[in-house]
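Data block below; observations after.
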Amino acid sequence: MEAIILLGGPGAGKGTLAEVLKKQTDYLHVSTGDMLRAATQAGTSVGTEAKSYMDSGQLVPDAVILRIIEERISEENSNSHFMFDGFPRTIEQAEGLDRFFKKQGGAINHVFNLVVDREALLARLTGRRVCRSCGAVYHMANKPPKKSGICDIDGGELYQRADDSEATILNRLEVYKKQTAPLIAFYQQKGLLREINAGGSPAETQTLVLNVLNA
Ligand code: AMP
């Protein structure tokens, strides 16, 4: 088992990058945010537990996250390549992943830290719209759909995530700074951190990441 990790604040472009990389590489996209949103919609016990944390921009407890990650990884064989998007988000989760990979003989190849300044993050998140049926991501200013409110790909309805309201965004940025940013030093010490300037277009970010993957 091998893995790459997409690290970065809310709105840094992890999901957008993952959509492209999963088509151009053999990494399987594992987004804990997408898994939790699916669980919430399906009304499972994990979904019900996670919903109040997500709506307020808090992190879902580490034990819940580690359990869904272990379950997801166990579905694949030992040759699989994983691309973690939005996981790990705390030191505790990173240590849990290390323990799990030690047991399974897995290794982390790269941790891409997508660096974007705060102003740009705020602008990206407030303008973000998502397709309710396929999850495709749009932006009112930077990447509008052809027809307002409708997904170009499958005609699904576009909506604003409950946690993309301004108050919740500010909270998520604080949570990122306190709980997730310490992972930068954690992975730097392990020699795995790759800093990526993700303030440009999605295509520019993809090129920078693919250059590292193909090196
Ligand atoms: P995302 O789609 O990655 O922005 O995640 C949306 C929300 O899901 C976050 O604000 C958290 O409430 C929750 N979440 C997603 N991934 C994690 C994680 N690894 N640890 C804790 N909470 C998470």
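In the structure tokens, chains take the letters A, B, ... in the order shown, each chain's residues start at 1, and ligands count up from 1 in the order shown.
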*List all protein, DNA and RNA residues that have at least one atom no more than 9 Å from any atom of ligand 1, counting only C-alpha atoms and all ligand atoms, and write them as a VMD selection string.*
chain A and resid 9 to 11 14 to 15 31 to 37 50 to 62 64 to 66 69 85 to 90 93 163 168 to 169 172 175
_Give me, as a list in words, all polymer residues having an atom no more than 9 Å from segment 126-131 of chain A, counting only C-alpha atoms and skipping those fewer than 6 positions away in the same chain._
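Once the nearby chain positions are removed, what remains is Gly11, Val137, Tyr138, His139, Met140, Ala141, Asn142, Pro144, Gly149, Ile150, Cys151, Asp154, Gly155, Gly156, Glu157, Leu158, Tyr159, Gln160, Arg161, Asp164, Ser165, Glu166 and Ile169 of chain A.
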Any chance you can output those residues with N, CA, C and O atoms as a compact mmCIF listing (two decimals), in the first residue's frame?
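Here's the written file selection-v5.txt:
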```txt
# COMPACT_ATOMS: atom_id res chain seq x y z
N GLY A 11 -10.70 25.21 1.26
CA GLY A 11 -10.66 26.07 0.08
C GLY A 11 -9.32 26.08 -0.64
O GLY A 11 -9.15 26.76 -1.65
N VAL A 137 -17.51 20.47 -8.54
CA VAL A 137 -17.38 21.73 -7.83
C VAL A 137 -17.30 22.90 -8.81
O VAL A 137 -16.54 22.85 -9.78
N TYR A 138 -18.06 23.95 -8.55
CA TYR A 138 -18.06 25.17 -9.37
C TYR A 138 -17.71 26.36 -8.49
O TYR A 138 -17.67 26.26 -7.27
N HIS A 139 -17.46 27.50 -9.16
CA HIS A 139 -17.28 28.75 -8.42
C HIS A 139 -18.03 29.84 -9.18
O HIS A 139 -17.89 29.95 -10.40
N MET A 140 -18.83 30.62 -8.43
CA MET A 140 -19.68 31.65 -9.06
C MET A 140 -18.88 32.58 -9.96
O MET A 140 -19.36 32.98 -11.01
N ALA A 141 -17.65 32.94 -9.56
CA ALA A 141 -16.86 33.87 -10.36
C ALA A 141 -15.82 33.17 -11.21
O ALA A 141 -15.67 33.45 -12.40
N ASN A 142 -15.08 32.20 -10.62
CA ASN A 142 -13.93 31.61 -11.33
C ASN A 142 -14.30 30.46 -12.25
O ASN A 142 -13.58 30.16 -13.20
N PRO A 144 -17.99 29.39 -13.32
CA PRO A 144 -19.45 29.32 -13.27
C PRO A 144 -19.97 28.21 -14.18
O PRO A 144 -19.34 27.92 -15.21
N GLY A 149 -27.02 27.64 -11.67
CA GLY A 149 -27.63 26.72 -10.71
C GLY A 149 -27.71 25.28 -11.17
O GLY A 149 -28.24 24.42 -10.46
N ILE A 150 -27.19 24.98 -12.39
CA ILE A 150 -27.33 23.63 -12.96
C ILE A 150 -25.94 23.07 -13.31
O ILE A 150 -25.13 23.76 -13.92
N CYS A 151 -25.71 21.81 -12.96
CA CYS A 151 -24.41 21.17 -13.24
C CYS A 151 -24.25 20.93 -14.74
O CYS A 151 -25.15 20.39 -15.39
N ASP A 154 -24.14 16.67 -15.38
CA ASP A 154 -25.31 15.79 -15.35
C ASP A 154 -26.63 16.52 -15.09
O ASP A 154 -27.66 15.88 -14.82
N GLY A 155 -26.60 17.86 -15.16
CA GLY A 155 -27.85 18.61 -14.99
C GLY A 155 -28.36 18.65 -13.55
O GLY A 155 -29.47 19.11 -13.31
N GLY A 156 -27.54 18.18 -12.60
CA GLY A 156 -27.95 18.18 -11.19
C GLY A 156 -28.05 19.60 -10.64
O GLY A 156 -27.52 20.55 -11.23
N GLU A 157 -28.73 19.72 -9.50
CA GLU A 157 -28.90 21.03 -8.87
C GLU A 157 -27.62 21.43 -8.14
O GLU A 157 -27.02 20.61 -7.45
N LEU A 158 -27.19 22.68 -8.30
CA LEU A 158 -26.01 23.16 -7.57
C LEU A 158 -26.46 23.76 -6.24
O LEU A 158 -27.46 24.46 -6.18
N TYR A 159 -25.71 23.45 -5.17
CA TYR A 159 -26.08 24.01 -3.87
C TYR A 159 -24.83 24.52 -3.16
O TYR A 159 -23.71 24.19 -3.53
N GLN A 160 -25.07 25.34 -2.14
CA GLN A 160 -23.97 25.83 -1.32
C GLN A 160 -23.88 24.96 -0.07
O GLN A 160 -24.90 24.76 0.62
N ARG A 161 -22.70 24.41 0.20
CA ARG A 161 -22.55 23.57 1.39
C ARG A 161 -22.92 24.37 2.64
O ARG A 161 -22.59 25.54 2.75
N ASP A 164 -20.25 26.32 4.16
CA ASP A 164 -19.61 27.40 3.39
C ASP A 164 -20.24 28.77 3.67
O ASP A 164 -20.06 29.71 2.91
N SER A 165 -20.99 28.88 4.78
CA SER A 165 -21.49 30.21 5.16
C SER A 165 -20.33 30.96 5.81
O SER A 165 -19.40 30.33 6.33
N GLU A 166 -20.38 32.29 5.78
CA GLU A 166 -19.20 33.06 6.20
C GLU A 166 -18.78 32.77 7.65
O GLU A 166 -17.60 32.58 7.93
N ILE A 169 -17.11 29.42 7.84
CA ILE A 169 -15.81 29.44 7.18
C ILE A 169 -14.73 29.99 8.12
O ILE A 169 -13.65 29.41 8.24
```
*asked:* Let me make sure I understand: among A:Leu210, A:Lys103, A:Arg118, A:Glu92, which one has the smallest atom-to-atom distance to Lys22 of chain A if we use only C-alpha atoms?
replied: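 Using only C-alpha atoms, Lys22 of chain A sits closest to A:Leu210.
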_Please compute the atom CA of Glu76 of chain A-atom CA of Leu6 of chain A distance, one decimal, in Å._
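These two atoms are separated by 19.8 Å.
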_segment 104-189 of chain A: residues DSSP assigns to alpha helix (DSSP H), reported as a ChimeraX atom specification_ = /A:104,118-126,166-175,182-189
*From a DSSP pass on the backbone, collect the residues of segment 1-202 of chain A flagged as strand (DSSP E or B) and hand them back as number ranges by chain.*
A: 2-7, 27-31, 81-85, 107-115, 128-131, 137-139, 143, 150, 157-159, 193-197
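From atom CA of Arg132 of chain A back to atom CA of Ala198 of chain A, the distance works out to 25.8 Å.
Of the residues under consideration (A:Gly199, A:Glu75, A:Asn214, A:Lys23), A:Gly199 shows the shortest atom-to-atom contact distance to Arg124 of chain A when counting only C-alpha atoms.
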_Atom-to-atom span, atom CA of Thr180 of chain A and atom CA of Ile91 of chain A, Å_ =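 Going from atom CA of Thr180 of chain A over to atom CA of Ile91 of chain A, I get 7.5 Å.
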